[in-house]
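Following: one structure in structure tokens, then a few remarks.
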There are 2 protein chains.
Amino acid sequence: MSRTDPETTGLEHMLCFDLYAANHAFGRMYKPLLEPLGLTYPQYLVMVTLWAAAPLSVGDIGQRLALESNTLTPLLKRLEAMGLVQRTRDSADERRVSVDLTDTGRAREAQAAHVPGCAAEATGLSLDELQALHQQLRKLRSGLKRV
Amino acid sequence: MSRTDPETTGLEHMLCFDLYAANHAFGRMYKPLLEPLGLTYPQYLVMVTLWAAAPLSVGDIGQRLALESNTLTPLLKRLEAMGLVQRTRDSADERRVSVDLTDTGRAREAQAAHVPGCAAEATGLSLDELQALHQQLRKLRSGLKRV
DNA sequence: TGCGACTAGATCGTGCGCGATATAATTCTC
DNA sequence: GAGAATTATATCGCGCACGATCTAGTCGCA
């Protein structure tokens with residue numbers, strides 16, 4: 001397929017602008033919700049991951065969020081300094097670092113319970129629209145994986 | 001509308017993960033395309049903006065990309081150091097800085113002509129799907145503006 | 001004319017993202 | 001079972017993002 005016609009390239013520009021801006025707008029929208037919890041947006045995503053399935057290795061978390069150790073290591077150390085998680089070398093495989101929630105970290109989940117609802121509300125989209133967008137983005141991401 | 005039911009909050013989690021991951025995946029996909037041009041993804045977005053409507057003030061660019069001077073000033077200085085743009089104080093209003101393309105900067109547009117098509121191709125989505133996603137994201141962003 | 005409010009950019013500090021590289025533990029292979 | 005290849009995490013450097021703050025230029029209004 002030829003993708004060099006003006007229509008496509010224009011649309012592609014729009015799309016990359018939109019995705020870029022939408023992601024940042026999402027982050028900004030979350031900020032006031034997360035501030036009381038003392039978490040940044042990426043830190044929150046890591047905590048959500050851990051609330052769902054702790055303990056996880058650094059690599060496990062990275063795989064779920066498409067992040068690498070060079071991003072996660074400092075972030076996890078900050079979470080550890082806050083007393084929310086604990087990092088311990090896996091005794092079975094000393095290369096691995098197991099990340100688990102502390103009691104304080106687990107307790108944060110209840111304090112964050114209202115966040116997803118508020119965020120969904122703030123998008124101004126209906127359930128159907130959220131679902132559609134979810135599908136589109138999953139498809140986009142799975143397409144991009146090929147590259 | 002109550003947005004505290006598990007279904008919505010779960011979906012909202014998925015959405016914020018997807019948007020986060022899709023944006024990064026987009027950036028990673030662009031990287032090899034932009035490397036020959038010597039541009040990062042945000043730098044490319046600024047150049048696209050300028051190719052469309054140079055000269056623009058720092059604020060104009062910021063408005064189009066939802067970025068502020070604290071992000072743009074260093075980025076534009078790097079583009080200037082590369083010889084792609086020129087920053088000059090607006091003589092009519094000395095508070096403003098007018099950013100214009102140099103001949104080198106203008107010439108980069110032709111060298112980047114293949115990028116949008118390649119990117120659209122890499123998404124693996126059809127034209128209709130790209131269009132739908134574009135609409136969804138625009139709606140999301142306009143909804144988020146209320147916050 | 002002069003003072004206060006406002007605006008456009010710049011600067012600073014912190015926290016991601018990520019390519020490149022380093023280190024240490026494990027596994028593979030002969 | 002010793003050395004090579006692989007794997008998991010850490011470190012380093014650079015470039016965004018963005019809140020907070022600063023400076024300088026402009027405007028409003030008596």
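Letters A, B, ... mark the chains of the structure tokens in the order given; residue numbers begin at 1 per chain; ligand numbers begin at 1, in order shown.
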Exercise. Enumerate the residues of chain B with a DSSP assignment of strand (DSSP E or B), computed from the backbone, and present them as a VMD selection string.
Key: chain B and resid 56 to 57 85 to 89 97 to 101
Residues as selected, C-alpha atoms, written as an mmCIF file, in the first residue's frame, can you do that?
```cif
data_model
loop_
_atom_site.group_PDB
_atom_site.id
_atom_site.type_symbol
_atom_site.label_atom_id
_atom_site.label_comp_id
_atom_site.auth_asym_id
_atom_site.auth_seq_id
_atom_site.Cartn_x
_atom_site.Cartn_y
_atom_site.Cartn_z
ATOM 1 C CA LEU B 56 5.893 31.421 15.198
ATOM 2 C CA SER B 57 6.493 32.760 18.678
ATOM 3 C CA VAL B 85 15.935 27.590 13.398
ATOM 4 C CA GLN B 86 16.688 31.183 14.330
ATOM 5 C CA ARG B 87 15.406 32.867 17.489
ATOM 6 C CA THR B 88 15.002 36.634 17.445
ATOM 7 C CA ARG B 89 13.289 39.057 19.816
ATOM 8 C CA VAL B 97 10.736 35.589 20.732
ATOM 9 C CA SER B 98 10.050 34.845 17.093
ATOM 10 C CA VAL B 99 11.198 31.438 15.909
ATOM 11 C CA ASP B 100 11.802 31.071 12.184
ATOM 12 C CA LEU B 101 13.278 28.351 9.995
#
```
Practice problem: Identify every residue of chain D that has at least one atom within 8 Å of any atom of chain B, counting only C-alpha atoms (C1' of nucleotides), and report the result as a PyMOL selection string. | Solution: chain D and resi 16-18+24-26
Given the selection you just returned, output its residues as a file containing C-alpha atoms (C1' of nucleotides), formatted as a PDB file, in the first residue's frame.
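Heads up, here's the output in part36.pdb:
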```
ATOM      1  C1'  DC D  16      12.298  16.062  27.554  1.00  0.00           C
ATOM      2  C1'  DA D  17       8.043  17.671  30.913  1.00  0.00           C
ATOM      3  C1'  DC D  18       6.568  20.617  34.359  1.00  0.00           C
ATOM      4  C1'  DA D  24      11.856  42.272  31.580  1.00  0.00           C
ATOM      5  C1'  DG D  25       8.563  44.377  28.572  1.00  0.00           C
ATOM      6  C1'  DT D  26       3.689  46.073  27.899  1.00  0.00           C
TER       7       DT D  26
END
```
Exercise. Tell me, in Å to one decimal, how far atom CA of A:Ala81 is from atom CA of A:Ile61.
Key: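 Calculated distance between atom CA of A:Ala81 and atom CA of A:Ile61 is 18.3 Å.
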Quiz item: In terms of the shortest atom-to-atom distance over only C-alpha atoms, which of A:Trp51, A:Leu79, A:Asp18, A:His24 is closest to A:Ala112?
Solution: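 Of A:Trp51, A:Leu79, A:Asp18, A:His24, the one nearest A:Ala112, counting only C-alpha atoms, is A:Trp51.
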Practice problem: For D:DT7, please output as an NGL selection string all residues within 10 Å (counting only C-alpha atoms (C1' of nucleotides); exclusion window: fewer than 2 positions along the same chain). | Solution: (:A and (95-96)) or (:C and (25-27)) or (:D and (5 or 9))
Practice problem: Pull out every residue of chain C that has at least one atom within 12 Å of chain A, counting only C-alpha atoms (C1' of nucleotides), and report them as a list in words. | Solution: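 Interface list for chain C against chain A: DT14, DG15, DC16, DG17, DC18, DG19, DA20, DT21, DT23, DA24, DA25, DT26 and DT27 of chain C.
When only C-alpha atoms are used to compute distances to chain B, the closest of the residues A:Val46, A:Leu76, A:Leu140, A:Leu33 turns out to be A:Leu140.
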Exercise. Quick one: pick out all alpha helix (DSSP H) residues within stretch 43-122 of chain B from a backbone DSSP run and write them as a VMD selection string.
Key: chain B and resid 43 to 53 58 to 65 69 to 81 103 to 111 115 to 122
Give me a file of those residues, with N, CA and C atoms, as a short mmCIF file (atom, residue, chain, number, x, y, z; two decimals), in the first residue's frame.
```cif
data_model
loop_
_atom_site.label_atom_id
_atom_site.label_comp_id
_atom_site.auth_asym_id
_atom_site.auth_seq_id
_atom_site.Cartn_x
_atom_site.Cartn_y
_atom_site.Cartn_z
N GLN B 43 11.46 17.23 19.07
CA GLN B 43 12.06 18.19 18.14
C GLN B 43 11.37 18.10 16.77
N TYR B 44 11.07 16.87 16.35
CA TYR B 44 10.38 16.68 15.08
C TYR B 44 9.01 17.34 15.11
N LEU B 45 8.28 17.17 16.21
CA LEU B 45 6.96 17.78 16.32
C LEU B 45 7.05 19.30 16.21
N VAL B 46 8.08 19.88 16.82
CA VAL B 46 8.27 21.33 16.72
C VAL B 46 8.58 21.72 15.27
N MET B 47 9.42 20.93 14.62
CA MET B 47 9.76 21.24 13.23
C MET B 47 8.54 21.13 12.32
N VAL B 48 7.71 20.11 12.54
CA VAL B 48 6.48 19.96 11.75
C VAL B 48 5.61 21.21 11.92
N THR B 49 5.52 21.66 13.17
CA THR B 49 4.73 22.85 13.46
C THR B 49 5.28 24.06 12.71
N LEU B 50 6.60 24.18 12.70
CA LEU B 50 7.22 25.32 12.02
C LEU B 50 7.12 25.19 10.50
N TRP B 51 7.28 23.97 9.98
CA TRP B 51 7.14 23.79 8.54
C TRP B 51 5.75 24.22 8.08
N ALA B 52 4.77 24.05 8.96
CA ALA B 52 3.40 24.40 8.59
C ALA B 52 3.15 25.90 8.67
N ALA B 53 3.86 26.60 9.56
CA ALA B 53 3.43 27.98 9.81
C ALA B 53 4.52 28.93 10.33
N VAL B 58 7.40 31.54 20.55
CA VAL B 58 7.52 30.41 21.47
C VAL B 58 6.15 30.02 22.01
N GLY B 59 5.37 31.02 22.36
CA GLY B 59 4.04 30.76 22.88
C GLY B 59 3.12 30.09 21.87
N ASP B 60 3.22 30.53 20.59
CA ASP B 60 2.41 29.91 19.54
C ASP B 60 2.71 28.42 19.44
N ILE B 61 3.99 28.11 19.42
CA ILE B 61 4.39 26.70 19.32
C ILE B 61 3.88 25.94 20.54
N GLY B 62 4.04 26.56 21.71
CA GLY B 62 3.59 25.93 22.93
C GLY B 62 2.11 25.63 22.92
N GLN B 63 1.33 26.56 22.38
CA GLN B 63 -0.11 26.36 22.33
C GLN B 63 -0.48 25.17 21.45
N ARG B 64 0.22 25.05 20.32
CA ARG B 64 -0.10 23.97 19.40
C ARG B 64 0.32 22.60 19.93
N LEU B 65 1.37 22.56 20.74
CA LEU B 65 1.86 21.27 21.23
C LEU B 65 1.56 21.06 22.70
N SER B 69 7.16 27.27 28.06
CA SER B 69 8.48 27.79 27.71
C SER B 69 9.59 27.00 28.42
N ASN B 70 9.29 26.48 29.61
CA ASN B 70 10.34 25.74 30.32
C ASN B 70 10.75 24.47 29.58
N THR B 71 9.88 23.94 28.74
CA THR B 71 10.25 22.81 27.89
C THR B 71 10.81 23.30 26.56
N LEU B 72 10.15 24.32 26.00
CA LEU B 72 10.50 24.73 24.64
C LEU B 72 11.81 25.50 24.54
N THR B 73 12.08 26.35 25.53
CA THR B 73 13.28 27.17 25.42
C THR B 73 14.55 26.35 25.19
N PRO B 74 14.83 25.34 26.04
CA PRO B 74 16.04 24.55 25.78
C PRO B 74 15.97 23.77 24.47
N LEU B 75 14.78 23.25 24.15
CA LEU B 75 14.61 22.49 22.91
C LEU B 75 14.91 23.38 21.71
N LEU B 76 14.37 24.60 21.72
CA LEU B 76 14.58 25.51 20.60
C LEU B 76 16.04 25.95 20.51
N LYS B 77 16.68 26.10 21.67
CA LYS B 77 18.10 26.45 21.66
C LYS B 77 18.93 25.34 21.02
N ARG B 78 18.52 24.09 21.25
CA ARG B 78 19.23 22.98 20.62
C ARG B 78 19.02 23.01 19.11
N LEU B 79 17.76 23.27 18.70
CA LEU B 79 17.49 23.36 17.26
C LEU B 79 18.28 24.52 16.65
N GLU B 80 18.42 25.60 17.41
CA GLU B 80 19.18 26.74 16.91
C GLU B 80 20.66 26.37 16.79
N ALA B 81 21.16 25.66 17.80
CA ALA B 81 22.57 25.24 17.78
C ALA B 81 22.84 24.32 16.59
N ASP B 103 17.39 28.30 6.18
CA ASP B 103 17.32 27.55 4.92
C ASP B 103 17.58 26.07 5.17
N THR B 104 18.53 25.80 6.06
CA THR B 104 18.82 24.41 6.42
C THR B 104 17.59 23.75 7.03
N GLY B 105 16.92 24.49 7.92
CA GLY B 105 15.73 23.96 8.56
C GLY B 105 14.62 23.68 7.57
N ARG B 106 14.44 24.60 6.62
CA ARG B 106 13.42 24.42 5.60
C ARG B 106 13.75 23.20 4.74
N ALA B 107 15.04 23.04 4.45
CA ALA B 107 15.46 21.93 3.59
C ALA B 107 15.20 20.57 4.25
N ARG B 108 15.21 20.55 5.59
CA ARG B 108 14.96 19.29 6.29
C ARG B 108 13.56 18.74 5.99
N GLU B 109 12.64 19.62 5.62
CA GLU B 109 11.27 19.15 5.37
C GLU B 109 11.25 18.10 4.25
N ALA B 110 11.99 18.40 3.19
CA ALA B 110 12.04 17.45 2.08
C ALA B 110 12.67 16.14 2.51
N GLN B 111 13.71 16.25 3.35
CA GLN B 111 14.39 15.04 3.82
C GLN B 111 13.50 14.22 4.74
N VAL B 115 8.67 10.40 6.25
CA VAL B 115 8.43 9.98 7.64
C VAL B 115 6.95 9.71 7.95
N PRO B 116 6.04 10.63 7.64
CA PRO B 116 4.65 10.36 8.02
C PRO B 116 4.09 9.10 7.38
N GLY B 117 4.41 8.89 6.10
CA GLY B 117 3.94 7.69 5.43
C GLY B 117 4.47 6.43 6.08
N CYS B 118 5.77 6.44 6.39
CA CYS B 118 6.38 5.28 7.06
C CYS B 118 5.72 5.03 8.40
N ALA B 119 5.45 6.12 9.11
CA ALA B 119 4.85 5.99 10.44
C ALA B 119 3.44 5.42 10.33
N ALA B 120 2.66 5.94 9.39
CA ALA B 120 1.29 5.45 9.20
C ALA B 120 1.33 3.97 8.84
N GLU B 121 2.26 3.63 7.96
CA GLU B 121 2.45 2.23 7.56
C GLU B 121 2.75 1.37 8.78
N ALA B 122 3.63 1.89 9.65
CA ALA B 122 4.10 1.12 10.80
C ALA B 122 3.00 0.88 11.83
#
```
Quiz item: Which one is closest to chain B: A:Leu15, A:Leu84, A:Ala113, A:Leu37? Count only C-alpha atoms.
Solution: A:Leu15
Practice problem: Identify, on the basis of only C-alpha atoms (C1' of nucleotides), every residue whose closest approach to D:DT23 does not exceed 10 Å; exclude the query and any residue fewer than 3 positions from it along the same chain; express the result as number ranges by chain. | Solution: C: 9-11
Quiz prompt | Distance in Å - atom CA of B:His134 versus atom CA of B:His114 | solution =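 Atom-to-atom, atom CA of B:His134 and atom CA of B:His114 are spaced 20.4 Å apart.
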